[in-house]
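What follows is the content of coords.pdb, which has PDB, N, CA, C and O atoms:
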```pdb
ATOM      1  N   MET A  93      13.337 -12.817  23.086
ATOM      2  CA  MET A  93      12.153 -12.597  22.277
ATOM      3  C   MET A  93      12.560 -12.714  20.810
ATOM      4  O   MET A  93      13.550 -12.137  20.382
ATOM      5  N   SER A  94      11.780 -13.442  20.077
ATOM      6  CA  SER A  94      12.121 -13.631  18.672
ATOM      7  C   SER A  94      11.792 -12.387  17.852
ATOM      8  O   SER A  94      10.983 -11.557  18.242
ATOM      9  N   HIS A  95      12.424 -12.290  16.723
ATOM     10  CA  HIS A  95      12.226 -11.138  15.843
ATOM     11  C   HIS A  95      10.791 -11.073  15.314
ATOM     12  O   HIS A  95      10.245  -9.999  15.133
ATOM     13  N   SER A  96      10.169 -12.222  15.079
ATOM     14  CA  SER A  96       8.821 -12.233  14.512
ATOM     15  C   SER A  96       7.789 -11.624  15.462
ATOM     16  O   SER A  96       6.756 -11.141  15.025
ATOM     17  N   LYS A  97       8.074 -11.608  16.752
ATOM     18  CA  LYS A  97       7.136 -11.012  17.709
ATOM     19  C   LYS A  97       7.200  -9.479  17.668
ATOM     20  O   LYS A  97       6.299  -8.810  18.125
ATOM     21  N   LEU A  98       8.272  -8.949  17.128
ATOM     22  CA  LEU A  98       8.420  -7.501  17.035
ATOM     23  C   LEU A  98       7.912  -6.943  15.705
ATOM     24  O   LEU A  98       7.799  -5.746  15.549
ATOM     25  N   THR A  99       7.623  -7.811  14.758
ATOM     26  CA  THR A  99       7.202  -7.382  13.430
ATOM     27  C   THR A  99       5.683  -7.363  13.349
ATOM     28  O   THR A  99       5.035  -8.379  13.556
ATOM     29  N   LYS A 100       5.128  -6.194  13.029
ATOM     30  CA  LYS A 100       3.688  -6.063  12.902
ATOM     31  C   LYS A 100       3.254  -6.465  11.497
ATOM     32  O   LYS A 100       4.019  -6.338  10.545
ATOM     33  N   ARG A 101       2.010  -6.907  11.376
ATOM     34  CA  ARG A 101       1.463  -7.226  10.070
ATOM     35  C   ARG A 101       1.337  -5.940   9.260
ATOM     36  O   ARG A 101       0.901  -4.915   9.750
ATOM     37  N   GLY A 102       1.710  -5.980   8.005
ATOM     38  CA  GLY A 102       1.645  -4.812   7.153
ATOM     39  C   GLY A 102       2.822  -3.874   7.335
ATOM     40  O   GLY A 102       2.811  -2.757   6.865
ATOM     41  N   TYR A 103       3.856  -4.313   8.011
ATOM     42  CA  TYR A 103       5.032  -3.477   8.266
ATOM     43  C   TYR A 103       6.200  -4.003   7.449
ATOM     44  O   TYR A 103       6.471  -5.196   7.415
ATOM     45  N   SER A 104       6.884  -3.120   6.804
ATOM     46  CA  SER A 104       8.062  -3.493   6.036
ATOM     47  C   SER A 104       9.196  -2.569   6.440
ATOM     48  O   SER A 104       9.089  -1.348   6.324
ATOM     49  N   LEU A 105      10.290  -3.136   6.900
ATOM     50  CA  LEU A 105      11.455  -2.358   7.277
ATOM     51  C   LEU A 105      12.005  -1.606   6.068
ATOM     52  O   LEU A 105      12.439  -0.465   6.177
ATOM     53  N   TYR A 106      11.928  -2.234   4.894
ATOM     54  CA  TYR A 106      12.405  -1.584   3.677
ATOM     55  C   TYR A 106      11.621  -0.309   3.391
ATOM     56  O   TYR A 106      12.202   0.731   3.095
ATOM     57  N   ILE A 107      10.298  -0.368   3.485
ATOM     58  CA  ILE A 107       9.456   0.795   3.188
ATOM     59  C   ILE A 107       9.602   1.856   4.274
ATOM     60  O   ILE A 107       9.687   3.049   3.990
ATOM     61  N   GLU A 108       9.622   1.453   5.528
ATOM     62  CA  GLU A 108       9.635   2.396   6.643
ATOM     63  C   GLU A 108      10.987   3.101   6.843
ATOM     64  O   GLU A 108      11.020   4.273   7.179
ATOM     65  N   LYS A 109      12.086   2.407   6.648
ATOM     66  CA  LYS A 109      13.394   2.974   6.990
ATOM     67  C   LYS A 109      14.278   3.275   5.781
ATOM     68  O   LYS A 109      14.923   4.307   5.730
ATOM     69  N   TRP A 110      14.335   2.358   4.823
ATOM     70  CA  TRP A 110      15.333   2.486   3.776
ATOM     71  C   TRP A 110      14.824   3.188   2.526
ATOM     72  O   TRP A 110      15.600   3.803   1.819
ATOM     73  N   ASN A 111      13.550   3.065   2.216
ATOM     74  CA  ASN A 111      13.023   3.686   0.996
ATOM     75  C   ASN A 111      11.715   4.401   1.316
ATOM     76  O   ASN A 111      10.637   3.982   0.893
ATOM     77  N   CYS A 112      11.811   5.491   2.028
ATOM     78  CA  CYS A 112      10.623   6.251   2.434
ATOM     79  C   CYS A 112       9.825   6.819   1.259
ATOM     80  O   CYS A 112       8.611   6.940   1.368
ATOM     81  N   PRO A 113      10.432   7.195   0.126
ATOM     82  CA  PRO A 113       9.628   7.682  -0.997
ATOM     83  C   PRO A 113       8.643   6.648  -1.540
ATOM     84  O   PRO A 113       7.704   6.997  -2.243
ATOM     85  N   ALA A 114       8.820   5.379  -1.211
ATOM     86  CA  ALA A 114       7.885   4.343  -1.664
ATOM     87  C   ALA A 114       6.530   4.480  -0.987
ATOM     88  O   ALA A 114       5.542   3.904  -1.455
ATOM     89  N   LYS A 115       6.457   5.263   0.075
ATOM     90  CA  LYS A 115       5.185   5.455   0.782
ATOM     91  C   LYS A 115       4.159   6.182  -0.068
ATOM     92  O   LYS A 115       2.972   6.120   0.203
ATOM     93  N   LYS A 116       4.592   6.873  -1.124
ATOM     94  CA  LYS A 116       3.635   7.583  -1.973
ATOM     95  C   LYS A 116       2.758   6.612  -2.751
ATOM     96  O   LYS A 116       1.731   7.008  -3.286
ATOM     97  N   TYR A 117       3.123   5.343  -2.799
ATOM     98  CA  TYR A 117       2.320   4.335  -3.481
ATOM     99  C   TYR A 117       1.378   3.604  -2.527
ATOM    100  O   TYR A 117       0.728   2.648  -2.920
ATOM    101  N   ILE A 118       1.320   4.044  -1.285
ATOM    102  CA  ILE A 118       0.406   3.458  -0.308
ATOM    103  C   ILE A 118      -0.812   4.359  -0.189
ATOM    104  O   ILE A 118      -0.691   5.537   0.145
ATOM    105  N   ASN A 119      -1.982   3.820  -0.500
ATOM    106  CA  ASN A 119      -3.239   4.566  -0.381
ATOM    107  C   ASN A 119      -3.828   4.341   1.006
ATOM    108  O   ASN A 119      -3.803   3.228   1.521
ATOM    109  N   THR A 120      -4.387   5.398   1.588
ATOM    110  CA  THR A 120      -5.050   5.313   2.883
ATOM    111  C   THR A 120      -6.425   5.945   2.745
ATOM    112  O   THR A 120      -6.547   7.085   2.304
ATOM    113  N   CYS A 121      -7.458   5.212   3.113
ATOM    114  CA  CYS A 121      -8.826   5.726   3.068
ATOM    115  C   CYS A 121      -8.973   6.819   4.122
ATOM    116  O   CYS A 121      -8.560   6.642   5.272
ATOM    117  N   ILE A 122      -9.579   7.943   3.741
ATOM    118  CA  ILE A 122      -9.700   9.059   4.682
ATOM    119  C   ILE A 122     -10.770   8.810   5.734
ATOM    120  O   ILE A 122     -10.786   9.478   6.764
ATOM    121  N   LEU A 123     -11.653   7.838   5.501
ATOM    122  CA  LEU A 123     -12.717   7.576   6.470
ATOM    123  C   LEU A 123     -12.372   6.461   7.453
ATOM    124  O   LEU A 123     -12.475   6.638   8.660
ATOM    125  N   CYS A 124     -11.969   5.318   6.944
ATOM    126  CA  CYS A 124     -11.730   4.179   7.838
ATOM    127  C   CYS A 124     -10.255   3.969   8.166
ATOM    128  O   CYS A 124      -9.926   3.258   9.107
ATOM    129  N   GLY A 125      -9.355   4.562   7.382
ATOM    130  CA  GLY A 125      -7.924   4.436   7.655
ATOM    131  C   GLY A 125      -7.289   3.177   7.117
ATOM    132  O   GLY A 125      -6.103   2.935   7.341
ATOM    133  N   ARG A 126      -8.043   2.370   6.395
ATOM    134  CA  ARG A 126      -7.488   1.148   5.821
ATOM    135  C   ARG A 126      -6.426   1.513   4.793
ATOM    136  O   ARG A 126      -6.541   2.511   4.098
ATOM    137  N   GLN A 127      -5.392   0.678   4.687
ATOM    138  CA  GLN A 127      -4.304   0.954   3.761
ATOM    139  C   GLN A 127      -4.178  -0.160   2.739
ATOM    140  O   GLN A 127      -4.478  -1.319   3.013
ATOM    141  N   GLY A 128      -3.705   0.216   1.568
ATOM    142  CA  GLY A 128      -3.446  -0.723   0.493
ATOM    143  C   GLY A 128      -2.539  -0.044  -0.515
ATOM    144  O   GLY A 128      -2.306   1.155  -0.453
ATOM    145  N   TYR A 129      -2.044  -0.827  -1.462
ATOM    146  CA  TYR A 129      -1.158  -0.204  -2.440
ATOM    147  C   TYR A 129      -1.953   0.365  -3.607
ATOM    148  O   TYR A 129      -3.055  -0.073  -3.915
ATOM    149  N   SER A 130      -1.378   1.368  -4.232
ATOM    150  CA  SER A 130      -2.013   2.054  -5.353
ATOM    151  C   SER A 130      -2.013   1.151  -6.589
ATOM    152  O   SER A 130      -1.039   0.444  -6.852
ATOM    153  N   PRO A 131      -3.085   1.172  -7.374
ATOM    154  CA  PRO A 131      -3.124   0.367  -8.601
ATOM    155  C   PRO A 131      -2.094   0.812  -9.645
ATOM    156  O   PRO A 131      -1.857   0.113 -10.618
ATOM    157  N   VAL A 132      -1.455   1.937  -9.424
ATOM    158  CA  VAL A 132      -0.441   2.439 -10.356
ATOM    159  C   VAL A 132       0.715   1.455 -10.489
ATOM    160  O   VAL A 132       1.292   1.311 -11.572
ATOM    161  N   ILE A 133       1.045   0.752  -9.416
ATOM    162  CA  ILE A 133       2.196  -0.148  -9.475
ATOM    163  C   ILE A 133       1.896  -1.419 -10.259
ATOM    164  O   ILE A 133       2.807  -2.185 -10.544
ATOM    165  N   GLU A 134       0.645  -1.645 -10.629
ATOM    166  CA  GLU A 134       0.292  -2.813 -11.431
ATOM    167  C   GLU A 134       0.592  -2.611 -12.916
ATOM    168  O   GLU A 134       0.565  -3.568 -13.678
ATOM    169  N   ASP A 135       0.847  -1.376 -13.347
ATOM    170  CA  ASP A 135       1.171  -1.113 -14.750
ATOM    171  C   ASP A 135       2.473  -1.809 -15.126
ATOM    172  O   ASP A 135       3.404  -1.897 -14.320
ATOM    173  N   LYS A 136       2.539  -2.276 -16.362
ATOM    174  CA  LYS A 136       3.749  -2.995 -16.788
ATOM    175  C   LYS A 136       4.955  -2.064 -16.920
ATOM    176  O   LYS A 136       6.088  -2.504 -16.805
ATOM    177  N   ASP A 137       4.728  -0.770 -17.118
ATOM    178  CA  ASP A 137       5.832   0.174 -17.228
ATOM    179  C   ASP A 137       6.428   0.550 -15.872
ATOM    180  O   ASP A 137       7.520   1.115 -15.814
ATOM    181  N   PHE A 138       5.733   0.248 -14.798
ATOM    182  CA  PHE A 138       6.213   0.636 -13.466
ATOM    183  C   PHE A 138       7.495  -0.105 -13.101
ATOM    184  O   PHE A 138       8.407   0.466 -12.507
ATOM    185  N   CYS A 139       7.594  -1.355 -13.423
ATOM    186  CA  CYS A 139       8.742  -2.175 -13.019
ATOM    187  C   CYS A 139       9.912  -2.063 -13.992
ATOM    188  O   CYS A 139      10.657  -3.019 -14.185
ATOM    189  N   SER A 140      10.109  -0.904 -14.570
ATOM    190  CA  SER A 140      11.193  -0.730 -15.537
ATOM    191  C   SER A 140      12.559  -0.563 -14.862
ATOM    192  O   SER A 140      13.583  -0.824 -15.471
ATOM    193  N   THR A 141      12.581  -0.140 -13.602
ATOM    194  CA  THR A 141      13.846   0.005 -12.885
ATOM    195  C   THR A 141      13.919  -0.997 -11.740
ATOM    196  O   THR A 141      12.900  -1.514 -11.281
ATOM    197  N   LEU A 142      15.113  -1.243 -11.273
ATOM    198  CA  LEU A 142      15.308  -2.189 -10.180
ATOM    199  C   LEU A 142      14.640  -1.697  -8.904
ATOM    200  O   LEU A 142      14.023  -2.476  -8.169
ATOM    201  N   GLU A 143      14.728  -0.387  -8.637
ATOM    202  CA  GLU A 143      14.112   0.168  -7.427
ATOM    203  C   GLU A 143      12.591  -0.025  -7.448
ATOM    204  O   GLU A 143      11.998  -0.402  -6.443
ATOM    205  N   ASN A 144      11.968   0.204  -8.597
ATOM    206  CA  ASN A 144      10.524   0.024  -8.698
ATOM    207  C   ASN A 144      10.120  -1.437  -8.583
ATOM    208  O   ASN A 144       9.055  -1.752  -8.059
ATOM    209  N   LYS A 145      10.969  -2.354  -9.045
ATOM    210  CA  LYS A 145      10.685  -3.784  -8.887
ATOM    211  C   LYS A 145      10.672  -4.162  -7.414
ATOM    212  O   LYS A 145       9.812  -4.917  -6.961
ATOM    213  N   VAL A 146      11.614  -3.619  -6.656
ATOM    214  CA  VAL A 146      11.684  -3.901  -5.218
ATOM    215  C   VAL A 146      10.476  -3.285  -4.506
ATOM    216  O   VAL A 146       9.876  -3.912  -3.626
ATOM    217  N   ILE A 147      10.100  -2.064  -4.887
ATOM    218  CA  ILE A 147       8.912  -1.424  -4.303
ATOM    219  C   ILE A 147       7.680  -2.268  -4.583
ATOM    220  O   ILE A 147       6.863  -2.520  -3.688
ATOM    221  N   TYR A 148       7.525  -2.731  -5.818
ATOM    222  CA  TYR A 148       6.382  -3.572  -6.188
ATOM    223  C   TYR A 148       6.358  -4.850  -5.354
ATOM    224  O   TYR A 148       5.318  -5.231  -4.813
ATOM    225  N   THR A 149       7.493  -5.495  -5.223
ATOM    226  CA  THR A 149       7.567  -6.743  -4.458
ATOM    227  C   THR A 149       7.196  -6.525  -2.996
ATOM    228  O   THR A 149       6.419  -7.287  -2.425
ATOM    229  N   GLU A 150       7.747  -5.494  -2.383
ATOM    230  CA  GLU A 150       7.474  -5.230  -0.965
ATOM    231  C   GLU A 150       6.006  -4.854  -0.731
ATOM    232  O   GLU A 150       5.383  -5.337   0.203
ATOM    233  N   LEU A 151       5.460  -3.974  -1.562
ATOM    234  CA  LEU A 151       4.082  -3.528  -1.343
ATOM    235  C   LEU A 151       3.077  -4.645  -1.594
ATOM    236  O   LEU A 151       2.099  -4.774  -0.855
ATOM    237  N   THR A 152       3.286  -5.452  -2.613
ATOM    238  CA  THR A 152       2.350  -6.549  -2.861
ATOM    239  C   THR A 152       2.490  -7.656  -1.825
ATOM    240  O   THR A 152       1.550  -8.410  -1.596
ATOM    241  N   ARG A 153       3.633  -7.719  -1.164
ATOM    242  CA  ARG A 153       3.834  -8.721  -0.115
ATOM    243  C   ARG A 153       3.092  -8.346   1.169
ATOM    244  O   ARG A 153       2.527  -9.210   1.835
ATOM    245  N   ILE A 154       3.067  -7.052   1.508
ATOM    246  CA  ILE A 154       2.505  -6.661   2.804
ATOM    247  C   ILE A 154       1.100  -6.074   2.718
ATOM    248  O   ILE A 154       0.403  -6.011   3.724
ATOM    249  N   LEU A 155       0.671  -5.621   1.518
ATOM    250  CA  LEU A 155      -0.626  -4.962   1.393
ATOM    251  C   LEU A 155      -1.427  -5.548   0.238
ATOM    252  O   LEU A 155      -0.893  -6.257  -0.606
ATOM    253  N   ARG A 156      -2.703  -5.213   0.202
ATOM    254  CA  ARG A 156      -3.570  -5.569  -0.923
ATOM    255  C   ARG A 156      -3.824  -4.324  -1.754
ATOM    256  O   ARG A 156      -3.698  -3.207  -1.268
ATOM    257  N   GLU A 157      -4.234  -4.540  -2.990
ATOM    258  CA  GLU A 157      -4.550  -3.415  -3.857
ATOM    259  C   GLU A 157      -5.773  -2.682  -3.321
ATOM    260  O   GLU A 157      -6.745  -3.300  -2.895
ATOM    261  N   MET A 158      -5.704  -1.346  -3.331
ATOM    262  CA  MET A 158      -6.832  -0.557  -2.846
ATOM    263  C   MET A 158      -6.953   0.736  -3.644
ATOM    264  O   MET A 158      -6.285   1.725  -3.350
ATOM    265  N   PRO A 159      -7.824   0.727  -4.649
ATOM    266  CA  PRO A 159      -8.058   1.985  -5.372
ATOM    267  C   PRO A 159      -8.923   2.924  -4.540
ATOM    268  O   PRO A 159      -9.764   2.486  -3.756
ATOM    269  N   LEU A 160      -8.697   4.215  -4.700
ATOM    270  CA  LEU A 160      -9.485   5.230  -4.016
ATOM    271  C   LEU A 160     -10.299   6.008  -5.044
ATOM    272  O   LEU A 160      -9.867   6.181  -6.183
ATOM    273  N   ASP A 161     -11.468   6.501  -4.644
ATOM    274  CA  ASP A 161     -12.240   7.345  -5.543
ATOM    275  C   ASP A 161     -11.714   8.782  -5.471
ATOM    276  O   ASP A 161     -10.725   9.060  -4.800
ATOM    277  N   GLU A 162     -12.370   9.697  -6.173
ATOM    278  CA  GLU A 162     -11.890  11.074  -6.239
ATOM    279  C   GLU A 162     -11.948  11.790  -4.893
ATOM    280  O   GLU A 162     -11.286  12.805  -4.690
ATOM    281  N   LEU A 163     -12.709  11.260  -3.946
ATOM    282  CA  LEU A 163     -12.800  11.865  -2.620
ATOM    283  C   LEU A 163     -11.846  11.221  -1.607
ATOM    284  O   LEU A 163     -11.829  11.598  -0.439
ATOM    285  N   GLY A 164     -11.071  10.230  -2.042
ATOM    286  CA  GLY A 164     -10.116   9.573  -1.161
ATOM    287  C   GLY A 164     -10.720   8.470  -0.316
ATOM    288  O   GLY A 164     -10.175   8.121   0.725
ATOM    289  N   ARG A 165     -11.842   7.896  -0.778
ATOM    290  CA  ARG A 165     -12.511   6.828  -0.029
ATOM    291  C   ARG A 165     -12.259   5.483  -0.691
ATOM    292  O   ARG A 165     -12.136   5.395  -1.906
ATOM    293  N   CYS A 166     -12.233   4.424   0.114
ATOM    294  CA  CYS A 166     -12.149   3.077  -0.437
ATOM    295  C   CYS A 166     -13.529   2.676  -0.960
ATOM    296  O   CYS A 166     -14.513   3.388  -0.756
ATOM    297  N   LYS A 167     -13.616   1.524  -1.620
ATOM    298  CA  LYS A 167     -14.882   1.090  -2.209
ATOM    299  C   LYS A 167     -15.967   0.887  -1.150
ATOM    300  O   LYS A 167     -17.111   1.272  -1.346
ATOM    301  N   VAL A 168     -15.605   0.284  -0.035
ATOM    302  CA  VAL A 168     -16.593   0.000   1.022
ATOM    303  C   VAL A 168     -17.152   1.283   1.610
ATOM    304  O   VAL A 168     -18.363   1.441   1.725
ATOM    305  N   CYS A 169     -16.303   2.211   1.957
ATOM    306  CA  CYS A 169     -16.770   3.481   2.525
ATOM    307  C   CYS A 169     -17.558   4.288   1.505
ATOM    308  O   CYS A 169     -18.524   4.969   1.863
ATOM    309  N   GLY A 170     -17.163   4.213   0.246
ATOM    310  CA  GLY A 170     -17.884   4.914  -0.793
ATOM    311  C   GLY A 170     -19.302   4.387  -0.966
ATOM    312  O   GLY A 170     -20.256   5.149  -1.112
ATOM    313  N   LYS A 171     -19.458   3.058  -0.903
ATOM    314  CA  LYS A 171     -20.794   2.452  -1.005
ATOM    315  C   LYS A 171     -21.665   2.843   0.174
ATOM    316  O   LYS A 171     -22.851   3.141   0.021
ATOM    317  N   VAL A 172     -21.103   2.844   1.367
ATOM    318  CA  VAL A 172     -21.858   3.177   2.573
ATOM    319  C   VAL A 172     -22.298   4.638   2.529
ATOM    320  O   VAL A 172     -23.463   4.947   2.827
ATOM    321  N   GLN A 173     -21.420   5.527   2.164
ATOM    322  CA  GLN A 173     -21.786   6.945   2.134
ATOM    323  C   GLN A 173     -22.743   7.275   1.008
ATOM    324  O   GLN A 173     -23.617   8.125   1.177
ATOM    325  N   ASP A 174     -22.599   6.654  -0.120
ATOM    326  CA  ASP A 174     -23.475   6.942  -1.253
ATOM    327  C   ASP A 174     -24.864   6.354  -1.080
ATOM    328  O   ASP A 174     -25.813   6.806  -1.699
ATOM    329  N   ARG A 175     -25.001   5.379  -0.223
ATOM    330  CA  ARG A 175     -26.291   4.745   0.026
ATOM    331  C   ARG A 175     -27.222   5.676   0.797
ATOM    332  O   ARG A 175     -28.415   5.650   0.656
ATOM    333  N   LYS A 176     -26.666   6.522   1.622
ATOM    334  CA  LYS A 176     -27.478   7.385   2.479
ATOM    335  C   LYS A 176     -28.028   8.556   1.746
ATOM    336  O   LYS A 176     -27.667   9.085   0.828
TER     337      LYS A 176
END
```
As structure tokens - that is how I would like this structure written.
Amino acid sequence: MSHSKLTKRGYSLYIEKWNCPAKKYINTCILCGRQGYSPVIEDKDFCSTLENKVIYTELTRILREMPLDELGRCKVCGKVQDRK
């Protein structure tokens, strides 16, 4: 079995095993469970260290940007709930 069959989409061995503190930059919607990276890593000051550059590269490679509102919801869930 090839290695690519064991790798899930959105999975990074670096984030999961070697640099677990990088998970704090992953946002998860409390309603739908969708994941994305925090907009904080887009700041130009974030990539000041080598470790942060690697975190930025890995997260932007496997996830999309996903800002959360003050209640921890993504934009789609926020629109749906606020409509009612």
Suppose a student applies the PyMOL selection byres (((chain A and resi 133-135 and name CA) around 12) and name CA) to this structure; what residues should they get, written as a list in words?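 Taken on the displayed file, the PyMOL selection byres (((chain A and resi 133-135 and name CA) around 12) and name CA) yields the residues Ala114, Lys116, Tyr117, Ile118, Asn119, Gly128, Tyr129, Ser130, Pro131, Val132, Lys136, Asp137, Phe138, Cys139, Ser140, Asn144, Lys145, Val146, Ile147, Tyr148, Thr149, Glu150, Leu151, Thr152, Arg156, Glu157, Met158 and Pro159 of chain A.
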Box for stretch 154-166 of chain A: with edges along x, y and z, all listed atoms inside and 8 Å added on each side, what are the centre and edge lengths in Å to one decimal, as lines of an AutoDock Vina configuration file?
```
center_x = -5.7
center_y = 2.9
center_z = -1.3
size_x = 33.6
size_y = 35.9
size_z = 26.0
```
One-decimal distance in Å that lies between atom CA of A:Arg153 and atom CA of A:Pro113: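 We find that atom CA of A:Pro113 and atom CA of A:Arg153 lie 17.4 Å from each other.
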With the PyMOL selection byres ((chain A and resi 163) around 8) as the selection, what would be picked from this file? Answer as an mmCIF file with N, CA, C and O atoms, keeping the file's coordinate frame, please.
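So the final result, stored in result35.cif, reads:
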```cif
data_model
loop_
_atom_site.group_PDB
_atom_site.id
_atom_site.type_symbol
_atom_site.label_atom_id
_atom_site.label_comp_id
_atom_site.auth_asym_id
_atom_site.auth_seq_id
_atom_site.Cartn_x
_atom_site.Cartn_y
_atom_site.Cartn_z
ATOM 1 N N THR A 120 -4.387 5.398 1.588
ATOM 2 C CA THR A 120 -5.050 5.313 2.883
ATOM 3 C C THR A 120 -6.425 5.945 2.745
ATOM 4 O O THR A 120 -6.547 7.085 2.304
ATOM 5 N N CYS A 121 -7.458 5.212 3.113
ATOM 6 C CA CYS A 121 -8.826 5.726 3.068
ATOM 7 C C CYS A 121 -8.973 6.819 4.122
ATOM 8 O O CYS A 121 -8.560 6.642 5.272
ATOM 9 N N ILE A 122 -9.579 7.943 3.741
ATOM 10 C CA ILE A 122 -9.700 9.059 4.682
ATOM 11 C C ILE A 122 -10.770 8.810 5.734
ATOM 12 O O ILE A 122 -10.786 9.478 6.764
ATOM 13 N N LEU A 123 -11.653 7.838 5.501
ATOM 14 C CA LEU A 123 -12.717 7.576 6.470
ATOM 15 C C LEU A 123 -12.372 6.461 7.453
ATOM 16 O O LEU A 123 -12.475 6.638 8.660
ATOM 17 N N LEU A 160 -8.697 4.215 -4.700
ATOM 18 C CA LEU A 160 -9.485 5.230 -4.016
ATOM 19 C C LEU A 160 -10.299 6.008 -5.044
ATOM 20 O O LEU A 160 -9.867 6.181 -6.183
ATOM 21 N N ASP A 161 -11.468 6.501 -4.644
ATOM 22 C CA ASP A 161 -12.240 7.345 -5.543
ATOM 23 C C ASP A 161 -11.714 8.782 -5.471
ATOM 24 O O ASP A 161 -10.725 9.060 -4.800
ATOM 25 N N GLU A 162 -12.370 9.697 -6.173
ATOM 26 C CA GLU A 162 -11.890 11.074 -6.239
ATOM 27 C C GLU A 162 -11.948 11.790 -4.893
ATOM 28 O O GLU A 162 -11.286 12.805 -4.690
ATOM 29 N N GLY A 164 -11.071 10.230 -2.042
ATOM 30 C CA GLY A 164 -10.116 9.573 -1.161
ATOM 31 C C GLY A 164 -10.720 8.470 -0.316
ATOM 32 O O GLY A 164 -10.175 8.121 0.725
ATOM 33 N N ARG A 165 -11.842 7.896 -0.778
ATOM 34 C CA ARG A 165 -12.511 6.828 -0.029
ATOM 35 C C ARG A 165 -12.259 5.483 -0.691
ATOM 36 O O ARG A 165 -12.136 5.395 -1.906
ATOM 37 N N CYS A 166 -12.233 4.424 0.114
ATOM 38 C CA CYS A 166 -12.149 3.077 -0.437
ATOM 39 C C CYS A 166 -13.529 2.676 -0.960
ATOM 40 O O CYS A 166 -14.513 3.388 -0.756
#
```
What does the structure give for the distance between atom C of A:Gly125 and atom O of A:Lys167, in Å to one decimal?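 Distance between the two atoms: 13.1 Å.
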Rounded to one decimal in Å, what is the spacing between atom CA of A:Val172 and atom N of A:Lys115?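 If I compute the distance from atom CA of A:Val172 to atom N of A:Lys115, I get 28.5 Å.
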